$ cat run_36.txt   # compact mmCIF, C-alpha atoms and all ligand atoms
# COMPACT_ATOMS: atom_id res chain seq x y z
CA MET F 1 0.00 0.00 0.00
CA ASP F 2 1.66 3.29 -1.04
CA ALA F 3 1.36 6.65 0.73
CA ASN F 4 -1.41 7.78 -1.64
CA THR F 5 -3.77 4.88 -0.96
CA LYS F 6 -2.95 4.28 2.70
CA PRO F 7 -5.92 5.08 4.97
CA MET F 8 -5.30 8.39 6.73
CA GLY F 9 -4.64 8.12 10.47
CA VAL F 10 -7.06 10.41 12.30
CA GLY F 11 -7.11 11.58 15.91
CA ILE F 12 -9.74 13.51 17.86
CA ILE F 13 -9.09 16.15 20.51
CA GLY F 14 -12.20 16.93 22.60
CA CYS F 15 -14.34 13.99 23.74
CA GLY F 16 -17.55 15.78 24.72
CA ASN F 17 -21.10 15.70 23.42
CA ILE F 18 -20.47 15.86 19.67
CA SER F 19 -17.51 13.46 19.61
CA GLU F 20 -19.76 10.39 19.67
CA ILE F 21 -21.31 10.95 16.24
CA TYR F 22 -17.91 11.90 14.77
CA CYS F 23 -16.38 8.65 16.05
CA LYS F 24 -19.31 6.63 14.74
CA ASN F 25 -19.21 8.21 11.27
CA LEU F 26 -15.43 8.44 10.83
CA LYS F 27 -15.20 4.72 11.46
CA THR F 28 -17.45 4.05 8.43
CA PHE F 29 -14.97 5.48 5.89
CA GLU F 30 -12.47 2.98 4.56
CA HIS F 31 -9.93 5.66 3.65
CA LEU F 32 -9.83 6.86 7.27
CA ASN F 33 -8.30 5.10 10.25
CA LEU F 34 -9.59 6.57 13.51
CA VAL F 35 -6.65 5.84 15.79
CA ALA F 36 -7.03 7.73 19.06
CA CYS F 37 -8.78 10.43 21.04
CA ALA F 38 -7.69 12.87 23.76
CA ASP F 39 -9.26 15.35 26.16
CA ILE F 40 -8.00 17.53 29.01
CA ASP F 41 -10.50 15.52 31.05
CA GLU F 42 -8.87 12.08 30.84
CA SER F 43 -12.02 10.26 31.92
CA ARG F 44 -13.89 11.54 28.86
CA ALA F 45 -11.13 10.34 26.53
CA LEU F 46 -11.08 6.94 28.21
CA ALA F 47 -14.84 6.56 27.95
CA ARG F 48 -14.99 7.51 24.26
CA ALA F 49 -11.98 5.33 23.44
CA ALA F 50 -13.57 2.31 25.10
CA GLN F 51 -16.87 2.93 23.31
CA PHE F 52 -15.24 2.95 19.86
CA ASP F 53 -12.33 0.60 20.41
CA ILE F 54 -9.64 3.22 19.79
CA ALA F 55 -6.71 4.43 21.93
CA ALA F 56 -7.04 7.11 24.61
CA ARG F 57 -3.93 9.31 24.67
CA SER F 58 -2.97 12.51 26.42
CA VAL F 59 -3.23 15.60 24.19
CA ALA F 60 0.59 15.81 24.04
CA ASP F 61 0.93 12.13 23.13
CA LEU F 62 -1.75 12.37 20.45
CA LEU F 63 0.03 15.37 18.91
CA ALA F 64 3.31 13.45 18.92
CA SER F 65 1.77 10.32 17.37
CA ASP F 66 3.36 9.12 14.12
CA ASP F 67 0.25 7.14 13.20
CA ILE F 68 -1.93 10.30 13.00
CA GLU F 69 -1.87 12.68 9.99
CA LEU F 70 -5.09 14.63 10.57
CA VAL F 71 -6.60 15.78 13.87
CA VAL F 72 -10.24 16.70 14.37
CA ASN F 73 -10.61 19.51 16.92
CA LEU F 74 -13.86 19.02 18.88
CA THR F 75 -13.00 21.21 21.86
CA ILE F 76 -15.13 24.15 23.00
CA PRO F 77 -15.10 27.26 20.77
CA ASP F 78 -12.83 29.23 23.09
CA ALA F 79 -10.14 26.54 22.82
CA HIS F 80 -10.40 26.02 19.03
CA ALA F 81 -7.63 28.45 18.00
CA LYS F 82 -5.07 27.28 20.55
CA VAL F 83 -5.70 23.60 19.91
CA SER F 84 -5.80 23.97 16.10
CA ARG F 85 -2.47 25.81 16.06
CA ALA F 86 -0.90 23.19 18.32
CA ILE F 87 -2.11 20.52 15.89
CA LEU F 88 -0.55 22.34 12.93
CA LYS F 89 2.67 22.98 14.82
CA ALA F 90 2.83 19.24 15.46
CA GLY F 91 2.86 18.80 11.65
CA LYS F 92 -0.71 17.50 11.28
CA HIS F 93 -3.65 18.68 9.19
CA VAL F 94 -6.52 20.09 11.25
CA TYR F 95 -10.29 19.90 10.84
CA SER F 96 -12.04 22.10 13.41
CA GLU F 97 -15.57 22.17 14.71
CA LYS F 98 -17.19 25.56 14.20
CA PRO F 99 -16.29 28.31 14.61
CA LEU F 100 -12.72 28.13 13.29
CA ALA F 101 -11.88 30.65 16.04
CA THR F 102 -13.89 33.12 18.05
CA LYS F 103 -11.64 36.05 17.04
CA ARG F 104 -10.78 37.02 13.48
CA ARG F 105 -7.06 37.42 14.23
CA ASP F 106 -6.85 33.95 15.76
CA ALA F 107 -8.62 32.44 12.74
CA LYS F 108 -6.15 34.24 10.47
CA LYS F 109 -3.21 32.88 12.45
CA ILE F 110 -4.49 29.33 11.94
CA LEU F 111 -4.54 29.78 8.14
CA LYS F 112 -1.10 31.41 8.21
CA THR F 113 0.44 28.63 10.31
CA ALA F 114 -1.02 26.01 7.96
CA LYS F 115 0.25 27.79 4.85
CA LYS F 116 3.74 28.10 6.29
CA ARG F 117 3.83 24.40 7.06
CA ARG F 118 2.05 23.29 3.87
CA LEU F 119 -0.73 21.70 5.87
CA ARG F 120 -4.48 21.82 5.34
CA VAL F 121 -7.22 23.43 7.42
CA GLY F 122 -10.81 22.32 7.17
CA GLY F 123 -13.83 22.94 9.31
CA ALA F 124 -17.43 22.36 10.19
CA PRO F 125 -20.18 22.65 9.35
CA ASP F 126 -20.21 19.97 6.68
CA THR F 127 -24.01 19.77 6.52
CA PHE F 128 -23.85 21.70 3.22
CA LEU F 129 -22.38 18.46 1.79
CA GLY F 130 -25.61 16.65 2.71
CA GLY F 131 -28.00 15.39 0.05
CA ALA F 132 -30.57 18.15 0.57
CA TRP F 133 -28.10 21.03 0.27
CA GLN F 134 -26.28 19.54 -2.69
CA THR F 135 -29.65 19.12 -4.44
CA ILE F 136 -30.53 22.77 -3.76
CA ARG F 137 -27.12 23.89 -5.01
CA ARG F 138 -27.67 21.99 -8.25
CA LEU F 139 -31.19 23.44 -8.65
CA LEU F 140 -29.75 26.93 -8.27
CA ASP F 141 -26.81 26.29 -10.62
CA ASP F 142 -29.21 24.81 -13.21
CA GLY F 143 -31.34 27.98 -13.09
CA ALA F 144 -34.42 26.20 -11.67
CA ILE F 145 -35.54 29.49 -10.04
CA GLY F 146 -33.71 31.84 -12.43
CA GLN F 147 -31.12 34.27 -11.10
CA PRO F 148 -30.60 34.41 -7.31
CA VAL F 149 -32.37 37.43 -5.80
CA ALA F 150 -32.47 36.96 -2.02
CA ALA F 151 -32.83 34.58 0.93
CA THR F 152 -34.27 34.57 4.42
CA ALA F 153 -32.70 32.45 7.16
CA PHE F 154 -34.04 32.07 10.69
CA MET F 155 -32.67 30.23 13.73
CA LEU F 156 -35.04 31.15 16.51
CA GLY F 157 -35.02 29.29 19.80
CA HIS F 158 -34.54 29.72 23.52
CA GLY F 159 -31.01 28.46 23.92
CA PRO F 160 -29.30 25.11 24.56
CA GLU F 161 -29.43 24.98 28.39
CA THR F 162 -32.53 22.80 28.26
CA TRP F 163 -30.67 19.92 26.55
CA HIS F 164 -26.90 20.47 26.66
CA PRO F 165 -25.09 19.03 29.73
CA ASN F 166 -22.33 21.75 29.64
CA PRO F 167 -24.13 24.89 28.38
CA ASP F 168 -21.94 27.62 29.95
CA PHE F 169 -19.82 28.29 26.85
CA PHE F 170 -22.87 29.15 24.73
CA TYR F 171 -23.32 32.45 26.60
CA GLN F 172 -19.73 33.69 26.45
CA PRO F 173 -18.14 35.97 23.79
CA GLY F 174 -17.40 33.93 20.70
CA ALA F 175 -20.54 31.82 21.15
CA GLY F 176 -24.17 33.01 21.41
CA PRO F 177 -26.67 32.07 18.69
CA LEU F 178 -24.69 33.75 15.92
CA PHE F 179 -21.36 32.00 16.54
CA ASP F 180 -23.01 28.73 17.59
CA MET F 181 -25.68 28.31 14.91
CA GLY F 182 -24.80 31.05 12.39
CA PRO F 183 -22.09 28.91 10.73
CA TYR F 184 -24.73 26.41 9.49
CA TYR F 185 -26.84 29.15 7.93
CA LEU F 186 -23.95 31.19 6.57
CA THR F 187 -22.15 28.17 5.12
CA ALA F 188 -25.38 27.00 3.45
CA LEU F 189 -25.87 30.44 1.89
CA ILE F 190 -22.19 30.82 0.88
CA ASN F 191 -22.34 27.40 -0.80
CA LEU F 192 -25.28 28.72 -2.86
CA PHE F 193 -24.42 32.40 -3.45
CA GLY F 194 -20.63 32.70 -2.91
CA SER F 195 -18.85 35.16 -0.61
CA VAL F 196 -20.53 37.87 1.45
CA LYS F 197 -19.63 41.43 0.41
CA ARG F 198 -21.12 43.55 3.22
CA VAL F 199 -23.40 43.30 6.23
CA ALA F 200 -25.52 45.39 8.60
CA SER F 201 -27.11 44.27 11.85
CA LEU F 202 -28.74 45.00 15.22
CA ALA F 203 -28.20 42.86 18.32
CA ARG F 204 -29.22 42.55 21.98
CA ALA F 205 -29.06 40.19 24.99
CA SER F 206 -32.64 40.03 26.24
CA PHE F 207 -31.99 37.91 29.39
CA PRO F 208 -28.95 38.66 31.62
CA GLU F 209 -28.84 35.16 33.12
CA ARG F 210 -29.62 31.53 32.13
CA ILE F 211 -30.17 28.51 34.37
CA ALA F 212 -28.45 25.23 33.48
CA GLN F 213 -30.08 21.80 34.00
CA ASP F 214 -28.15 21.29 37.26
CA GLY F 215 -29.53 24.63 38.54
CA HIS F 216 -26.41 26.78 38.29
CA ALA F 217 -26.76 30.31 36.90
CA ILE F 218 -24.90 31.35 33.75
CA ALA F 219 -24.18 35.06 33.23
CA VAL F 220 -24.93 36.09 29.64
CA ASN F 221 -21.91 37.90 28.15
CA THR F 222 -22.74 37.97 24.46
CA PRO F 223 -25.67 39.11 22.24
CA THR F 224 -28.42 36.46 22.16
CA HIS F 225 -30.59 37.97 19.42
CA VAL F 226 -28.84 39.14 16.25
CA ALA F 227 -30.84 40.48 13.30
CA GLY F 228 -28.61 40.82 10.24
CA SER F 229 -28.72 41.75 6.56
CA LEU F 230 -26.14 40.49 4.10
CA GLU F 231 -25.20 41.32 0.53
CA PHE F 232 -23.48 38.55 -1.42
CA ALA F 233 -20.92 39.00 -4.18
CA ASN F 234 -23.50 37.71 -6.72
CA GLY F 235 -25.82 40.56 -5.70
CA ALA F 236 -28.31 38.45 -3.68
CA LEU F 237 -29.48 39.91 -0.37
CA ALA F 238 -30.16 37.77 2.72
CA THR F 239 -31.88 38.36 6.04
CA LEU F 240 -30.37 36.26 8.84
CA ILE F 241 -31.81 36.22 12.36
CA THR F 242 -30.20 34.02 15.02
CA SER F 243 -31.70 34.02 18.50
CA PHE F 244 -31.63 32.27 21.88
CA ASP F 245 -34.35 34.68 23.10
CA VAL F 246 -37.47 33.31 21.33
CA TRP F 247 -39.82 30.76 22.91
CA HIS F 248 -41.92 29.93 19.84
CA SER F 249 -41.78 30.66 16.13
CA GLN F 250 -43.26 29.31 12.92
CA LEU F 251 -40.78 30.91 10.55
CA PRO F 252 -39.18 28.56 8.02
CA ARG F 253 -35.48 27.83 8.36
CA ILE F 254 -34.31 29.07 4.96
CA GLU F 255 -36.12 30.28 1.82
CA ILE F 256 -34.29 31.12 -1.38
CA TYR F 257 -35.80 33.54 -3.88
CA GLY F 258 -34.90 33.68 -7.57
CA SER F 259 -36.01 35.76 -10.56
CA GLU F 260 -38.30 32.88 -11.66
CA GLY F 261 -39.38 31.18 -8.44
CA SER F 262 -38.63 30.23 -4.84
CA ILE F 263 -37.13 27.28 -2.95
CA LEU F 264 -38.17 26.28 0.56
CA ALA F 265 -35.08 24.69 2.12
CA PRO F 266 -34.78 22.47 5.21
CA ASP F 267 -32.81 23.07 8.44
CA PRO F 268 -29.12 23.63 7.51
CA ASN F 269 -28.11 21.97 10.80
CA TRP F 270 -28.95 18.66 9.09
CA PHE F 271 -27.95 16.80 5.95
CA GLY F 272 -31.40 15.90 4.63
CA GLY F 273 -34.97 17.25 4.86
CA ASP F 274 -37.76 18.27 2.52
CA ILE F 275 -37.19 20.64 -0.38
CA PHE F 276 -40.05 22.47 -2.06
CA LEU F 277 -39.91 24.55 -5.23
CA ARG F 278 -42.49 26.86 -6.76
CA GLY F 279 -41.90 28.51 -10.13
CA GLU F 280 -43.40 31.92 -10.95
CA ASN F 281 -46.40 30.32 -12.74
CA ASP F 282 -46.88 27.29 -10.45
CA LYS F 283 -50.15 27.17 -8.49
CA GLU F 284 -48.58 25.11 -5.69
CA TRP F 285 -45.26 24.16 -4.13
CA ARG F 286 -43.85 20.86 -5.38
CA ASN F 287 -41.63 18.52 -3.40
CA VAL F 288 -38.21 18.06 -5.06
CA PRO F 289 -36.59 14.63 -4.55
CA ILE F 290 -33.08 14.61 -3.10
CA GLU F 291 -30.61 13.53 -5.80
CA PHE F 292 -27.42 13.23 -3.75
CA PRO F 293 -26.16 10.83 -1.07
CA TYR F 294 -25.80 11.55 2.66
CA THR F 295 -29.12 12.59 4.17
CA GLU F 296 -28.57 11.17 7.68
CA ASN F 297 -26.46 12.76 10.43
CA MET F 298 -23.10 12.45 8.65
CA ARG F 299 -21.05 14.88 10.76
CA GLY F 300 -17.48 14.07 9.78
CA LEU F 301 -18.25 13.90 6.03
CA GLY F 302 -16.14 17.05 5.65
CA VAL F 303 -13.21 15.23 7.29
CA ALA F 304 -13.64 12.31 4.88
CA ASP F 305 -13.68 14.68 1.89
CA MET F 306 -10.66 16.54 3.25
CA ALA F 307 -8.62 13.34 3.66
CA ARG F 308 -9.50 12.27 0.14
CA GLY F 309 -8.67 15.76 -1.15
CA ILE F 310 -5.23 15.54 0.47
CA ARG F 311 -4.55 12.12 -1.05
CA GLU F 312 -5.86 13.19 -4.49
CA ASN F 313 -4.11 16.56 -4.33
CA ARG F 314 -7.34 18.49 -4.97
CA PRO F 315 -9.07 21.14 -2.82
CA HIS F 316 -11.35 19.89 -0.07
CA ARG F 317 -14.83 21.35 0.21
CA ALA F 318 -15.23 22.35 3.89
CA SER F 319 -12.17 24.57 3.47
CA GLY F 320 -10.22 26.74 5.88
CA GLU F 321 -10.88 29.73 3.62
CA MET F 322 -14.64 29.20 3.84
CA THR F 323 -14.64 28.70 7.64
CA TYR F 324 -12.44 31.82 7.95
CA HIS F 325 -14.88 33.79 5.79
CA VAL F 326 -17.76 32.64 8.03
CA VAL F 327 -15.88 33.92 11.13
CA ASP F 328 -15.18 37.17 9.30
CA VAL F 329 -18.89 37.59 8.43
CA MET F 330 -20.01 36.85 12.02
CA ARG F 331 -17.49 39.32 13.47
CA ALA F 332 -18.68 41.88 10.92
CA LEU F 333 -22.31 41.35 11.95
CA LEU F 334 -21.45 41.98 15.62
CA LYS F 335 -19.28 44.97 14.72
CA SER F 336 -22.09 46.46 12.65
CA ALA F 337 -24.45 46.21 15.64
CA GLU F 338 -21.87 47.66 18.05
CA GLU F 339 -20.78 50.53 15.81
CA GLU F 340 -24.15 51.19 14.15
CA GLU F 341 -22.79 51.01 10.62
CA GLN F 342 -22.57 48.74 7.57
CA VAL F 343 -19.37 46.66 7.44
CA LYS F 344 -17.60 45.60 4.22
CA LEU F 345 -15.93 42.19 4.23
CA LYS F 346 -12.23 41.91 3.44
CA SER F 347 -12.15 38.12 2.96
CA GLU F 348 -13.74 35.96 0.29
CA CYS F 349 -13.81 32.26 -0.59
CA GLU F 350 -14.50 29.98 -3.54
CA ARG F 351 -17.83 28.16 -3.73
CA PRO F 352 -16.95 24.50 -3.07
CA ALA F 353 -17.40 22.01 -5.93
CA LEU F 354 -20.55 19.87 -5.99
CA LEU F 355 -20.10 16.62 -4.09
CA ALA F 356 -21.21 14.39 -7.01
CA THR F 357 -17.62 14.05 -8.16
CA ILE F 358 -16.67 12.12 -5.01
CA GLN F 359 -19.59 9.73 -4.74
CA ASN F 360 -17.03 7.03 -3.96
CA THR F 361 -16.05 8.77 -0.69
CA ASN F 362 -17.43 5.95 1.37
N1 LIG Y 401 -23.15 19.30 20.90
C1 LIG Y 401 -23.60 19.46 19.69
O1 LIG Y 401 -24.74 19.07 19.34
C2 LIG Y 401 -22.74 20.13 18.64
C3 LIG Y 401 -23.18 20.06 17.34
C4 LIG Y 401 -22.39 20.56 16.36
C5 LIG Y 401 -21.21 21.17 16.68
N2 LIG Y 401 -20.79 21.27 17.95
C6 LIG Y 401 -19.50 21.95 18.22
O2 LIG Y 401 -18.57 20.97 18.67
C7 LIG Y 401 -17.67 21.55 19.62
C8 LIG Y 401 -17.75 20.75 20.89
O3 LIG Y 401 -19.06 20.78 21.38
P1 LIG Y 401 -19.58 19.75 22.46
O4 LIG Y 401 -21.04 19.95 22.51
O5 LIG Y 401 -19.04 18.40 22.17
O6 LIG Y 401 -18.88 20.38 23.78
P2 LIG Y 401 -18.54 19.63 25.16
O7 LIG Y 401 -18.32 20.71 26.15
O8 LIG Y 401 -19.54 18.57 25.42
O9 LIG Y 401 -17.13 18.91 24.83
C9 LIG Y 401 -15.93 19.61 24.63
C10 LIG Y 401 -14.78 18.77 25.14
O10 LIG Y 401 -13.55 19.43 24.85
C11 LIG Y 401 -12.69 19.27 25.98
N3 LIG Y 401 -11.70 20.35 25.93
C12 LIG Y 401 -11.91 21.67 26.18
N4 LIG Y 401 -10.76 22.34 26.01
C13 LIG Y 401 -9.81 21.45 25.67
C14 LIG Y 401 -8.43 21.54 25.37
N5 LIG Y 401 -7.80 22.71 25.40
N6 LIG Y 401 -7.75 20.40 25.06
C15 LIG Y 401 -8.40 19.20 25.04
N7 LIG Y 401 -9.72 19.05 25.32
C16 LIG Y 401 -10.41 20.16 25.63
C17 LIG Y 401 -13.60 19.30 27.17
O11 LIG Y 401 -13.01 18.70 28.31
C18 LIG Y 401 -14.83 18.55 26.65
O12 LIG Y 401 -14.76 17.17 26.92
C19 LIG Y 401 -18.10 23.00 19.78
O13 LIG Y 401 -17.31 23.80 18.95
C20 LIG Y 401 -19.55 23.01 19.30
O14 LIG Y 401 -19.88 24.26 18.75
C21 LIG Y 401 -21.52 20.73 18.94
$ encode --input "run_36.txt" --output "structure tokens"
Amino acid sequence: MDANTKPMGVGIIGCGNISEIYCKNLKTFEHLNLVACADIDESRALARAAQFDIAARSVADLLASDDIELVVNLTIPDAHAKVSRAILKAGKHVYSEKPLATKRRDAKKILKTAKKRRLRVGGAPDTFLGGAWQTIRRLLDDGAIGQPVAATAFMLGHGPETWHPNPDFFYQPGAGPLFDMGPYYLTALINLFGSVKRVASLARASFPERIAQDGHAIAVNTPTHVAGSLEFANGALATLITSFDVWHSQLPRIEIYGSEGSILAPDPNWFGGDIFLRGENDKEWRNVPIEFPYTENMRGLGVADMARGIRENRPHRASGEMTYHVVDVMRALLKSAEEEEQVKLKSECERPALLATIQNTN
């Protein structure tokens, strides 16, 4: 087996809530070899390792491991930048959970470190690679609703403390609904429309304190309702509202409007879901069948595509440039609210290629 066909050794740092589905899915790809996991809390690493029959190592040992080429960073958002740079400095490719970093300058440093060392950066979300979102991308590219005009995107809820066992980080700077859930919505829209050119927004924190399941109080230190407007490089305008302050809502997740019709899209937090399309002369919405694979919870698909991209010497889809652009857009939305002005984006990214070309990923 030569270096180009050898399964890629993968390690995970951060063995919390989301690591279970990553371990489960990464183990299904034949071109990946999930070797080990690590966590600052050793008991979490041991538990996850036992569950998936992999090694539990200390973070330092995992970074020094010769049998690992790519490390998936599943730590909390505040630790992403430090851990991702340590991974790169250890000579390994990094795939980070969202956001790439909570601060723009830290996100930039990650890309710079990778470039210097000729390593790759990739990052969540990878839900845009799911069957539903790939189908919508193809509909748009095929002109099924004409030229893109606009989109609305809504993530309205009352926060994660009702279900998440460790919810404190959601209410600190660098999290909140925009940094926590915004990446799904922004990545879905960027995959369809391309880069964001400028934004404007208003934001507030409606409740100063949240109560976790175990009864402890969490001080809210970040906006929890952000109402934003975005202009994309292709001219389309989007309205994006992310909120942890809303008890009930019936707004759709995402609608996409074109010069000749509209698409009703599913929740971008998931890989599948119903798609409806209605052309300008249609009397009713029609359900559009999903034409691409991966409609279940396939978190880790972006890692699989990245590993294959590295071996095939082609760009990977959930790219560092795109995750950086998403951080840049989110920072710009918060800045716009703070400074009461429109903010122009300095970064841009390529629209990733349709997934159809790597149907043999699995
Ligand atoms: N939970 C979800 O449903 C979900 C879904 C999608 C994405 N995510 C993202 O995944 C990431 C992790 O979320 P989670 O819900 O699993 O959080 P979590 O708090 O359950 O787990 C995070 C783990 O990282 C460990 N950790 C923290 N700092 C570390 C460091 N410096 N070195 C090593 N380990 C460290 C913690 O000990 C903990 O075990 C976040 O970025 C989150 O936004 C979570």
$ residues_around --input "run_36.txt" --residues "range 188-192 of chain F" --least-positions-apart "2" --cutoff "6 Å" --atoms "only C-alpha atoms" --output "PDB file with C-alpha atoms, keeping the file's coordinate frame"
ATOM      1  CA  PHE F 128     -23.850  21.700   3.220  1.00  0.00           C
ATOM      2  CA  ARG F 137     -27.120  23.890  -5.010  1.00  0.00           C
ATOM      3  CA  TYR F 185     -26.840  29.150   7.930  1.00  0.00           C
ATOM      4  CA  LEU F 186     -23.950  31.190   6.570  1.00  0.00           C
ATOM      5  CA  GLY F 194     -20.630  32.700  -2.910  1.00  0.00           C
ATOM      6  CA  SER F 195     -18.850  35.160  -0.610  1.00  0.00           C
ATOM      7  CA  ARG F 351     -17.830  28.160  -3.730  1.00  0.00           C
TER       8      ARG F 351
END
$ closest_residue --input "run_36.txt" --among "F:Cys37, F:Leu202, F:Ala153, F:Val196" --to "Glu339 in chain F" --atoms "all atoms listed in the file"
F:Leu202
$ residues_around --input "run_36.txt" --residues "Thr152 in chain F" --least-positions-apart "5" --cutoff "7 Å" --atoms "all atoms listed in the file" --output "PyMOL selection string"
chain F and resi 238-240+254-256
$ residues_near_ligand --input "run_36.txt" --ligand "ligand LIG 401 (chain Y)" --cutoff "9 Å" --atoms "only C-alpha atoms and all ligand atoms" --output "PyMOL selection string"
chain F and resi 13-20+38-45+58-59+73-80+82-83+96-100+124-125+164-170+175+179-181+269+299
$ residues_around --input "run_36.txt" --residues "range 259-261 of chain F" --least-positions-apart "4" --cutoff "9 Å" --atoms "all atoms listed in the file" --output "number ranges by chain"
F: 143-149, 277-282
$ closest_residue --input "run_36.txt" --among "F:Asn297, F:Thr224, F:Asn234, F:Thr323" --to "Val246 in chain F" --atoms "all atoms listed in the file"
F:Thr224
